[in-house]
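S.K.: Sharing model.txt below, compact mmCIF, N, CA and C atoms:
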# COMPACT_ATOMS: atom_id res chain seq x y z
N MET T 287 2.65 18.16 98.91
CA MET T 287 3.03 16.79 98.71
C MET T 287 2.95 16.45 97.22
N THR T 288 3.92 15.74 96.72
CA THR T 288 4.00 15.35 95.31
C THR T 288 3.43 13.94 95.13
N THR T 289 2.73 13.75 94.03
CA THR T 289 2.34 12.39 93.66
C THR T 289 3.26 11.95 92.53
N PHE T 290 3.86 10.79 92.72
CA PHE T 290 4.78 10.24 91.73
C PHE T 290 4.10 9.11 90.98
N SER T 291 4.16 9.18 89.67
CA SER T 291 3.65 8.12 88.81
C SER T 291 4.85 7.28 88.38
N LEU T 292 4.81 6.00 88.67
CA LEU T 292 5.95 5.13 88.40
C LEU T 292 5.85 4.50 87.02
N ASP T 293 6.92 4.60 86.26
CA ASP T 293 7.01 3.90 84.99
C ASP T 293 7.33 2.43 85.28
N THR T 294 6.92 1.56 84.42
CA THR T 294 7.13 0.13 84.60
C THR T 294 8.61 -0.21 84.78
N ASN T 295 9.48 0.50 84.06
CA ASN T 295 10.91 0.15 84.11
C ASN T 295 11.52 0.33 85.50
N ILE T 296 10.98 1.22 86.30
CA ILE T 296 11.47 1.39 87.68
C ILE T 296 11.20 0.12 88.48
N LEU T 297 9.99 -0.40 88.39
CA LEU T 297 9.62 -1.59 89.16
C LEU T 297 10.32 -2.84 88.64
N ILE T 298 10.46 -2.95 87.34
CA ILE T 298 11.16 -4.11 86.76
C ILE T 298 12.61 -4.14 87.25
N ALA T 299 13.29 -2.99 87.22
CA ALA T 299 14.68 -2.92 87.70
C ALA T 299 14.74 -3.24 89.19
N LEU T 300 13.79 -2.73 89.93
CA LEU T 300 13.74 -2.95 91.37
C LEU T 300 13.60 -4.43 91.71
N TRP T 301 12.79 -5.14 90.95
CA TRP T 301 12.51 -6.56 91.22
C TRP T 301 13.62 -7.50 90.80
N ASP T 302 14.56 -7.03 89.98
CA ASP T 302 15.62 -7.90 89.49
C ASP T 302 16.94 -7.51 90.16
N ASP T 303 17.30 -8.24 91.21
CA ASP T 303 18.52 -7.92 91.97
C ASP T 303 19.78 -7.98 91.12
N THR T 304 19.75 -8.70 90.00
CA THR T 304 20.93 -8.81 89.14
C THR T 304 21.03 -7.64 88.16
N ASP T 305 19.97 -6.87 88.04
CA ASP T 305 19.96 -5.72 87.14
C ASP T 305 20.84 -4.62 87.73
N ALA T 306 21.72 -4.06 86.93
CA ALA T 306 22.61 -2.99 87.40
C ALA T 306 21.83 -1.77 87.88
N LEU T 307 20.60 -1.64 87.44
CA LEU T 307 19.79 -0.49 87.82
C LEU T 307 18.92 -0.75 89.05
N SER T 308 19.00 -1.94 89.62
CA SER T 308 18.17 -2.29 90.76
C SER T 308 18.42 -1.37 91.96
N LEU T 309 19.66 -1.22 92.35
CA LEU T 309 19.97 -0.36 93.50
C LEU T 309 19.64 1.10 93.23
N PRO T 310 20.03 1.65 92.06
CA PRO T 310 19.62 3.03 91.78
C PRO T 310 18.10 3.20 91.75
N ALA T 311 17.37 2.20 91.23
CA ALA T 311 15.90 2.30 91.21
C ALA T 311 15.36 2.34 92.63
N ARG T 312 15.92 1.52 93.50
CA ARG T 312 15.48 1.51 94.91
C ARG T 312 15.75 2.86 95.57
N LYS T 313 16.93 3.42 95.33
CA LYS T 313 17.27 4.72 95.92
C LYS T 313 16.34 5.81 95.40
N CYS T 314 16.06 5.78 94.11
CA CYS T 314 15.17 6.77 93.50
C CYS T 314 13.77 6.66 94.11
N LEU T 315 13.28 5.45 94.23
CA LEU T 315 11.97 5.22 94.81
C LEU T 315 11.93 5.63 96.29
N ASP T 316 12.95 5.27 97.05
CA ASP T 316 13.01 5.64 98.46
C ASP T 316 13.05 7.15 98.65
N ARG T 317 13.83 7.82 97.80
CA ARG T 317 13.93 9.29 97.87
C ARG T 317 12.58 9.93 97.57
N ALA T 318 11.91 9.43 96.55
CA ALA T 318 10.61 9.99 96.17
C ALA T 318 9.56 9.70 97.25
N ARG T 319 9.63 8.52 97.84
CA ARG T 319 8.64 8.13 98.85
C ARG T 319 8.65 9.10 100.03
N THR T 320 9.80 9.67 100.38
CA THR T 320 9.86 10.61 101.50
C THR T 320 9.19 11.94 101.15
N ARG T 321 8.95 12.16 99.85
CA ARG T 321 8.39 13.44 99.42
C ARG T 321 6.95 13.36 98.93
N GLY T 322 6.40 12.15 98.87
CA GLY T 322 5.03 12.10 98.38
C GLY T 322 4.48 10.70 98.24
N GLN T 323 3.41 10.63 97.49
CA GLN T 323 2.66 9.39 97.30
C GLN T 323 3.10 8.70 96.02
N MET T 324 3.11 7.35 96.03
CA MET T 324 3.48 6.55 94.88
C MET T 324 2.22 6.00 94.22
N ARG T 325 2.21 6.04 92.89
CA ARG T 325 1.04 5.57 92.15
C ARG T 325 1.50 4.97 90.82
N ILE T 326 0.78 3.97 90.35
CA ILE T 326 0.98 3.47 88.98
C ILE T 326 -0.33 3.61 88.24
N SER T 327 -0.23 3.70 86.92
CA SER T 327 -1.43 3.73 86.08
C SER T 327 -1.77 2.31 85.66
N ALA T 328 -2.98 2.15 85.16
CA ALA T 328 -3.44 0.83 84.72
C ALA T 328 -2.52 0.19 83.68
N PRO T 329 -1.98 0.94 82.71
CA PRO T 329 -1.06 0.30 81.75
C PRO T 329 0.20 -0.27 82.41
N VAL T 330 0.69 0.38 83.45
CA VAL T 330 1.86 -0.14 84.16
C VAL T 330 1.50 -1.47 84.80
N TYR T 331 0.34 -1.53 85.43
CA TYR T 331 -0.12 -2.79 86.03
C TYR T 331 -0.15 -3.89 84.96
N GLY T 332 -0.72 -3.56 83.80
CA GLY T 332 -0.79 -4.53 82.71
C GLY T 332 0.59 -4.99 82.26
N GLU T 333 1.53 -4.07 82.16
CA GLU T 333 2.89 -4.45 81.77
C GLU T 333 3.56 -5.32 82.82
N LEU T 334 3.29 -5.06 84.09
CA LEU T 334 3.86 -5.91 85.15
C LEU T 334 3.38 -7.35 85.01
N MET T 335 2.17 -7.53 84.51
CA MET T 335 1.63 -8.87 84.31
C MET T 335 2.31 -9.58 83.13
N GLY T 336 3.08 -8.85 82.34
CA GLY T 336 3.69 -9.41 81.14
C GLY T 336 4.81 -10.39 81.39
N HIS T 337 5.32 -10.45 82.59
CA HIS T 337 6.39 -11.40 82.89
C HIS T 337 5.77 -12.73 83.32
N PRO T 338 6.20 -13.84 82.71
CA PRO T 338 5.54 -15.12 83.01
C PRO T 338 5.65 -15.60 84.45
N SER T 339 6.61 -15.08 85.20
CA SER T 339 6.76 -15.56 86.58
C SER T 339 5.95 -14.75 87.58
N ARG T 340 5.27 -13.70 87.13
CA ARG T 340 4.47 -12.88 88.04
C ARG T 340 3.01 -13.24 87.93
N ASN T 341 2.32 -13.04 89.04
CA ASN T 341 0.87 -13.24 89.01
C ASN T 341 0.20 -12.11 89.78
N VAL T 342 -1.11 -12.05 89.65
CA VAL T 342 -1.89 -10.96 90.26
C VAL T 342 -1.68 -10.90 91.76
N THR T 343 -1.66 -12.03 92.42
CA THR T 343 -1.50 -12.06 93.88
C THR T 343 -0.18 -11.44 94.30
N GLU T 344 0.90 -11.80 93.64
CA GLU T 344 2.23 -11.25 93.97
C GLU T 344 2.30 -9.76 93.70
N ILE T 345 1.78 -9.34 92.56
CA ILE T 345 1.81 -7.92 92.22
C ILE T 345 0.98 -7.11 93.20
N ASP T 346 -0.24 -7.57 93.48
CA ASP T 346 -1.10 -6.86 94.42
C ASP T 346 -0.48 -6.81 95.82
N SER T 347 0.15 -7.88 96.23
CA SER T 347 0.80 -7.92 97.54
C SER T 347 1.95 -6.92 97.59
N PHE T 348 2.78 -6.90 96.56
CA PHE T 348 3.90 -5.96 96.50
C PHE T 348 3.39 -4.52 96.57
N LEU T 349 2.38 -4.21 95.77
CA LEU T 349 1.85 -2.84 95.75
C LEU T 349 1.26 -2.46 97.09
N SER T 350 0.58 -3.38 97.74
CA SER T 350 0.00 -3.12 99.05
C SER T 350 1.08 -2.88 100.10
N ILE T 351 2.07 -3.75 100.14
CA ILE T 351 3.16 -3.64 101.12
C ILE T 351 3.94 -2.34 100.95
N THR T 352 4.16 -1.94 99.70
CA THR T 352 4.96 -0.74 99.43
C THR T 352 4.13 0.54 99.42
N GLY T 353 2.82 0.40 99.55
CA GLY T 353 1.96 1.59 99.57
C GLY T 353 1.82 2.27 98.22
N ILE T 354 1.97 1.51 97.15
CA ILE T 354 1.81 2.06 95.81
C ILE T 354 0.37 1.85 95.37
N ASP T 355 -0.32 2.95 95.08
CA ASP T 355 -1.71 2.90 94.64
C ASP T 355 -1.79 2.66 93.14
N ILE T 356 -2.94 2.16 92.70
CA ILE T 356 -3.20 1.99 91.27
C ILE T 356 -4.31 2.95 90.87
N ASP T 357 -4.06 3.71 89.82
CA ASP T 357 -5.09 4.58 89.26
C ASP T 357 -5.64 3.88 88.02
N TRP T 358 -6.82 3.30 88.15
CA TRP T 358 -7.44 2.54 87.06
C TRP T 358 -8.17 3.43 86.06
N ARG T 359 -8.43 4.69 86.43
CA ARG T 359 -9.23 5.58 85.58
C ARG T 359 -8.41 6.19 84.45
N PHE T 360 -8.95 6.14 83.26
CA PHE T 360 -8.35 6.79 82.10
C PHE T 360 -9.44 7.52 81.33
N GLU T 361 -9.62 8.79 81.64
CA GLU T 361 -10.65 9.56 80.96
C GLU T 361 -10.15 10.01 79.59
N GLU T 362 -11.02 10.65 78.88
CA GLU T 362 -10.76 11.06 77.50
C GLU T 362 -9.47 11.86 77.36
N ALA T 363 -9.19 12.77 78.27
CA ALA T 363 -7.99 13.62 78.16
C ALA T 363 -6.70 12.79 78.14
N VAL T 364 -6.66 11.71 78.91
CA VAL T 364 -5.47 10.85 78.93
C VAL T 364 -5.32 10.14 77.59
N TRP T 365 -6.41 9.60 77.06
CA TRP T 365 -6.36 8.90 75.77
C TRP T 365 -5.97 9.85 74.65
N ARG T 366 -6.52 11.05 74.66
CA ARG T 366 -6.19 12.02 73.60
C ARG T 366 -4.72 12.46 73.69
N ALA T 367 -4.25 12.77 74.89
CA ALA T 367 -2.85 13.19 75.05
C ALA T 367 -1.90 12.06 74.69
N GLY T 368 -2.21 10.84 75.10
CA GLY T 368 -1.37 9.69 74.77
C GLY T 368 -1.35 9.42 73.29
N GLY T 369 -2.52 9.47 72.65
CA GLY T 369 -2.60 9.25 71.21
C GLY T 369 -1.86 10.31 70.41
N ALA T 370 -2.00 11.57 70.82
CA ALA T 370 -1.31 12.66 70.12
C ALA T 370 0.21 12.54 70.27
N ALA T 371 0.67 12.19 71.46
CA ALA T 371 2.12 12.02 71.67
C ALA T 371 2.65 10.84 70.87
N PHE T 372 1.89 9.75 70.81
CA PHE T 372 2.29 8.59 70.04
C PHE T 372 2.35 8.93 68.55
N GLN T 373 1.35 9.66 68.06
CA GLN T 373 1.32 10.07 66.66
C GLN T 373 2.54 10.91 66.30
N GLU T 374 2.88 11.85 67.17
CA GLU T 374 4.05 12.70 66.92
C GLU T 374 5.34 11.88 66.96
N TYR T 375 5.42 10.93 67.87
CA TYR T 375 6.59 10.03 67.92
C TYR T 375 6.73 9.25 66.62
N VAL T 376 5.62 8.72 66.10
CA VAL T 376 5.66 7.97 64.84
C VAL T 376 6.17 8.88 63.72
N ARG T 377 5.68 10.09 63.67
CA ARG T 377 6.14 11.05 62.64
C ARG T 377 7.64 11.31 62.75
N ARG T 378 8.11 11.55 63.99
CA ARG T 378 9.55 11.80 64.19
C ARG T 378 10.37 10.59 63.78
N ARG T 379 9.93 9.42 64.20
CA ARG T 379 10.67 8.17 63.92
C ARG T 379 10.77 7.92 62.41
N VAL T 380 9.66 8.06 61.70
CA VAL T 380 9.68 7.84 60.25
C VAL T 380 10.53 8.90 59.56
N ALA T 381 10.41 10.16 59.98
CA ALA T 381 11.20 11.23 59.37
C ALA T 381 12.69 11.05 59.61
N ASN T 382 13.07 10.59 60.80
CA ASN T 382 14.49 10.46 61.14
C ASN T 382 15.13 9.16 60.65
N THR T 383 14.36 8.09 60.61
CA THR T 383 14.95 6.78 60.30
C THR T 383 14.30 6.08 59.12
N GLY T 384 13.12 6.52 58.72
CA GLY T 384 12.38 5.81 57.69
C GLY T 384 11.72 4.53 58.20
N LEU T 385 11.85 4.28 59.51
CA LEU T 385 11.32 3.06 60.10
C LEU T 385 10.04 3.34 60.88
N LEU T 386 9.23 2.32 61.00
CA LEU T 386 8.03 2.42 61.81
C LEU T 386 8.38 2.41 63.30
N PRO T 387 7.43 2.71 64.16
CA PRO T 387 7.70 2.86 65.59
C PRO T 387 8.36 1.64 66.24
N ARG T 388 9.23 1.96 67.17
CA ARG T 388 9.89 0.97 68.00
C ARG T 388 9.13 0.82 69.32
N ARG T 389 8.46 1.85 69.70
CA ARG T 389 7.70 1.88 70.97
C ARG T 389 6.25 1.55 70.73
N ILE T 390 5.56 1.26 71.82
CA ILE T 390 4.14 0.97 71.72
C ILE T 390 3.34 2.06 72.44
N LEU T 391 2.06 2.07 72.20
CA LEU T 391 1.18 3.09 72.75
C LEU T 391 1.24 3.17 74.27
N THR T 392 1.49 2.05 74.93
CA THR T 392 1.50 2.03 76.40
C THR T 392 2.43 3.08 76.98
N ASP T 393 3.62 3.24 76.42
CA ASP T 393 4.56 4.25 76.93
C ASP T 393 3.94 5.64 76.93
N PHE T 394 3.19 5.94 75.90
CA PHE T 394 2.60 7.26 75.76
C PHE T 394 1.39 7.45 76.67
N LEU T 395 0.68 6.37 76.95
CA LEU T 395 -0.41 6.46 77.92
C LEU T 395 0.14 6.68 79.33
N ILE T 396 1.27 6.05 79.64
CA ILE T 396 1.90 6.25 80.96
C ILE T 396 2.32 7.71 81.11
N GLY T 397 2.92 8.28 80.08
CA GLY T 397 3.31 9.69 80.11
C GLY T 397 2.11 10.62 80.18
N ALA T 398 1.09 10.32 79.38
CA ALA T 398 -0.12 11.16 79.37
C ALA T 398 -0.81 11.13 80.72
N HIS T 399 -0.84 9.98 81.36
CA HIS T 399 -1.45 9.86 82.69
C HIS T 399 -0.76 10.82 83.66
N ALA T 400 0.57 10.82 83.66
CA ALA T 400 1.31 11.70 84.56
C ALA T 400 1.05 13.17 84.24
N VAL T 401 1.04 13.51 82.96
CA VAL T 401 0.84 14.91 82.56
C VAL T 401 -0.57 15.38 82.91
N VAL T 402 -1.57 14.62 82.53
CA VAL T 402 -2.96 15.03 82.75
C VAL T 402 -3.26 15.15 84.24
N ARG T 403 -2.69 14.25 85.04
CA ARG T 403 -2.95 14.29 86.49
C ARG T 403 -2.04 15.28 87.23
N GLY T 404 -0.99 15.77 86.56
CA GLY T 404 -0.06 16.69 87.22
C GLY T 404 0.91 15.97 88.13
N TYR T 405 1.21 14.69 87.85
CA TYR T 405 2.12 13.90 88.65
C TYR T 405 3.55 14.05 88.13
N THR T 406 4.50 13.73 88.98
CA THR T 406 5.90 13.64 88.58
C THR T 406 6.17 12.19 88.19
N LEU T 407 6.73 11.98 87.00
CA LEU T 407 6.99 10.64 86.51
C LEU T 407 8.36 10.16 86.96
N LEU T 408 8.41 8.97 87.58
CA LEU T 408 9.68 8.32 87.89
C LEU T 408 9.93 7.31 86.78
N THR T 409 11.04 7.46 86.06
CA THR T 409 11.33 6.58 84.93
C THR T 409 12.83 6.45 84.73
N LEU T 410 13.23 5.40 84.04
CA LEU T 410 14.62 5.23 83.64
C LEU T 410 14.84 5.79 82.24
N ASP T 411 13.77 6.21 81.58
CA ASP T 411 13.84 6.63 80.18
C ASP T 411 13.34 8.06 80.00
N ARG T 412 14.10 9.01 80.48
CA ARG T 412 13.73 10.42 80.39
C ARG T 412 13.51 10.88 78.96
N ARG T 413 14.40 10.41 78.08
CA ARG T 413 14.47 10.94 76.71
C ARG T 413 13.13 10.87 75.97
N ILE T 414 12.50 9.72 75.97
CA ILE T 414 11.26 9.58 75.20
C ILE T 414 10.14 10.42 75.81
N TYR T 415 10.09 10.50 77.12
CA TYR T 415 9.01 11.28 77.76
C TYR T 415 9.24 12.78 77.60
N GLU T 416 10.48 13.23 77.71
CA GLU T 416 10.77 14.66 77.51
C GLU T 416 10.49 15.08 76.07
N ALA T 417 10.81 14.20 75.12
CA ALA T 417 10.55 14.52 73.71
C ALA T 417 9.06 14.51 73.40
N SER T 418 8.32 13.65 74.06
CA SER T 418 6.90 13.47 73.75
C SER T 418 5.97 14.36 74.56
N PHE T 419 6.42 14.78 75.74
CA PHE T 419 5.58 15.58 76.63
C PHE T 419 6.38 16.78 77.16
N PRO T 420 6.54 17.81 76.33
CA PRO T 420 7.29 18.98 76.79
C PRO T 420 6.72 19.52 78.10
N GLY T 421 7.58 19.79 79.03
CA GLY T 421 7.16 20.33 80.32
C GLY T 421 6.79 19.28 81.35
N ILE T 422 6.86 17.99 80.99
CA ILE T 422 6.55 16.95 81.96
C ILE T 422 7.55 17.00 83.11
N SER T 423 7.07 16.76 84.30
CA SER T 423 7.95 16.70 85.48
C SER T 423 8.45 15.27 85.60
N ILE T 424 9.78 15.11 85.53
CA ILE T 424 10.40 13.78 85.57
C ILE T 424 11.48 13.73 86.62
N GLU T 425 11.54 12.62 87.32
CA GLU T 425 12.68 12.33 88.20
C GLU T 425 13.24 10.99 87.80
N SER T 426 14.53 10.90 87.88
CA SER T 426 15.24 9.69 87.52
C SER T 426 16.51 9.65 88.33
N PHE T 427 17.41 8.77 87.98
CA PHE T 427 18.71 8.73 88.66
C PHE T 427 19.80 8.68 87.65
Let me see whether you can do it: turn the structure in this file into structure tokens.
M.R.:
Amino acid sequence: MTTFSLDTNILIALWDDTDALSLPARKCLDRARTRGQMRISAPVYGELMGHPSRNVTEIDSFLSITGIDIDWRFEEAVWRAGGAAFQEYVRRRVANTGLLPRRILTDFLIGAHAVVRGYTLLTLDRRIYEASFPGISIESF
């Protein structure tokens, strides 16, 4: 059985019926659900709280109804892997564009969580995770 770690962008697309990616996100999630367990990391939970119309009760209810677990634990290996991937991203970004990072550390913690735990990441943004975490298992649509 596979454990799937969900990136925030999958849930955001799923929740917005007007988003062109809503239906593909639902299909991707449904397909993965038949093959394993769904989980989000603590940073994903935090990002879900970032929308002003969401609250803890709604998010917790959605996660409970859909059977998506939350992994609140972030041991040293996750922080180190996330920090190292973020550092390398900053180096690549500055070398290629001369600009400072466009992304934030949260993206790299989400990827590190999946890698350290051996989970398959469900995301709409393969490119950044493949570049930052060689060998990461990713599913998308």
S.K.: Measure the distance from atom N of Ala367 (chain T) to atom N of Gly421 (chain T) in Å and round it to one decimal.
M.R.: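 Interatomic distance, atom N of Ala367 (chain T) to atom N of Gly421 (chain T): 14.4 Å.
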S.K.: Which residue gives the smallest distance to Gln323 (chain T) among T:Pro310, T:Gly404, T:Gly353, T:Gly397, with all atoms listed in the file counted?
M.R.: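 Result for the nearest residue to Gln323 (chain T): T:Gly353.
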S.K.: Given the point (-1.1, 7.3, 82.2) in the coordinates of this file, which residues lie within 7 Å, counting all atoms listed in the file, and how would they look as a list in words?
M.R.: Ser327, Ala328, Pro329, Val364, Phe394, Leu395, Ile396, Gly397, Ala398, His399, Ala400 and Val401 of chain T
S.K.: For the residues in the current selection, export N, CA and C atoms as a PDB file, keeping the file's coordinate frame.
M.R.:
ATOM      1  N   SER T 327      -0.230   3.700  86.920  1.00  0.00           N
ATOM      2  CA  SER T 327      -1.430   3.730  86.080  1.00  0.00           C
ATOM      3  C   SER T 327      -1.770   2.310  85.660  1.00  0.00           C
ATOM      4  N   ALA T 328      -2.980   2.150  85.160  1.00  0.00           N
ATOM      5  CA  ALA T 328      -3.440   0.830  84.720  1.00  0.00           C
ATOM      6  C   ALA T 328      -2.520   0.190  83.680  1.00  0.00           C
ATOM      7  N   PRO T 329      -1.980   0.940  82.710  1.00  0.00           N
ATOM      8  CA  PRO T 329      -1.060   0.300  81.750  1.00  0.00           C
ATOM      9  C   PRO T 329       0.200  -0.270  82.410  1.00  0.00           C
ATOM     10  N   VAL T 364      -6.660  11.710  78.910  1.00  0.00           N
ATOM     11  CA  VAL T 364      -5.470  10.850  78.930  1.00  0.00           C
ATOM     12  C   VAL T 364      -5.320  10.140  77.590  1.00  0.00           C
ATOM     13  N   PHE T 394       3.190   5.940  75.900  1.00  0.00           N
ATOM     14  CA  PHE T 394       2.600   7.260  75.760  1.00  0.00           C
ATOM     15  C   PHE T 394       1.390   7.450  76.670  1.00  0.00           C
ATOM     16  N   LEU T 395       0.680   6.370  76.950  1.00  0.00           N
ATOM     17  CA  LEU T 395      -0.410   6.460  77.920  1.00  0.00           C
ATOM     18  C   LEU T 395       0.140   6.680  79.330  1.00  0.00           C
ATOM     19  N   ILE T 396       1.270   6.050  79.640  1.00  0.00           N
ATOM     20  CA  ILE T 396       1.900   6.250  80.960  1.00  0.00           C
ATOM     21  C   ILE T 396       2.320   7.710  81.110  1.00  0.00           C
ATOM     22  N   GLY T 397       2.920   8.280  80.080  1.00  0.00           N
ATOM     23  CA  GLY T 397       3.310   9.690  80.110  1.00  0.00           C
ATOM     24  C   GLY T 397       2.110  10.620  80.180  1.00  0.00           C
ATOM     25  N   ALA T 398       1.090  10.320  79.380  1.00  0.00           N
ATOM     26  CA  ALA T 398      -0.120  11.160  79.370  1.00  0.00           C
ATOM     27  C   ALA T 398      -0.810  11.130  80.720  1.00  0.00           C
ATOM     28  N   HIS T 399      -0.840   9.980  81.360  1.00  0.00           N
ATOM     29  CA  HIS T 399      -1.450   9.860  82.690  1.00  0.00           C
ATOM     30  C   HIS T 399      -0.760  10.820  83.660  1.00  0.00           C
ATOM     31  N   ALA T 400       0.570  10.820  83.660  1.00  0.00           N
ATOM     32  CA  ALA T 400       1.310  11.700  84.560  1.00  0.00           C
ATOM     33  C   ALA T 400       1.050  13.170  84.240  1.00  0.00           C
ATOM     34  N   VAL T 401       1.040  13.510  82.960  1.00  0.00           N
ATOM     35  CA  VAL T 401       0.840  14.910  82.560  1.00  0.00           C
ATOM     36  C   VAL T 401      -0.570  15.380  82.910  1.00  0.00           C
TER      37      VAL T 401
END
S.K.: Check the smallest atom-to-atom distance from each of T:Leu407, T:Ile345, T:Ile351, T:Val376 to Ser291 (chain T) using only N, CA and C atoms, then report the winner.
M.R.: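 Among the listed residues, T:Leu407 lies closest to Ser291 (chain T).
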S.K.: To one decimal place in Å, what is the distance between atom N of His337 (chain T) and atom C of Leu297 (chain T)?
M.R.: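 Computed distance, atom N of His337 (chain T) to atom C of Leu297 (chain T), equals 10.9 Å.
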S.K.: Which is closer to Asp357 (chain T) than all the others in T:Ala381, T:Val342, T:Ser308, T:Arg325, using only C-alpha atoms?
M.R.: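 Counting only C-alpha atoms, the residue closest to Asp357 (chain T) is T:Arg325.
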S.K.: Apply DSSP to the structure's backbone, then extract all residues of region 316-417 of chain T labelled helix (DSSP H, G or I) and return them as a PyMOL selection string.
M.R.: chain T and resi 316-319+328-334+342-352+362-383+391-403+412-417
S.K.: Show me as number ranges by chain the residues that reach within 9 Å of (0.4, -1.0, 87.6), counting only C-alpha atoms and using the file's own coordinates.
M.R.: T: 292-294, 325-335, 345, 349, 354-358
S.K.: Please measure the separation of CA of Arg321 (chain T) and CA of Thr392 (chain T), giving the value in Å to one decimal.
M.R.: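 Pair CA of Arg321 (chain T) / CA of Thr392 (chain T) returns 26.6 Å.
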S.K.: Just checking: using all atoms listed in the file, which residue out of T:Ala363, T:Glu344, T:Asp305, T:Thr352 ends up closest to Met324 (chain T)?
M.R.: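 The answer is T:Thr352, which sits nearest to Met324 (chain T).
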S.K.: Identify which of the residues T:Arg389, T:Phe372, T:Arg312, T:Thr288 lies closest to Thr406 (chain T), counting all atoms listed in the file when measuring atom-to-atom distances.
M.R.: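 The shortest atom-to-atom distance to Thr406 (chain T) comes from T:Thr288.
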S.K.: Of the residues T:Thr289, T:Ile298, T:Ser347, T:Glu425, which is the one nearest to Arg413 (chain T), using only C-alpha atoms?
M.R.: T:Glu425
S.K.: Could you tell me, as a PyMOL selection string, which residues of region 310-368 of chain T DSSP assigns to strand (DSSP E) when given the backbone?
M.R.: chain T and resi 322-327+354-357
S.K.: Using only C-alpha atoms, determine which residues lie at most 8 Å from Asn295 (chain T), disregarding the query and same-chain residues fewer than 4 positions distant; provide the list as a PyMOL selection string.
M.R.: chain T and resi 299+409-410
S.K.: Please write out, as AutoDock Vina command-line options, where the centre of an axis-aligned box around all listed atoms of region 369-381 of chain T lies and how long its edges are, in Å to one decimal, after adding 3 Å on each side.
M.R.:
--center_x 5.0 --center_y 10.3 --center_z 66.0 --size_x 21.3 --size_y 10.9 --size_z 19.3
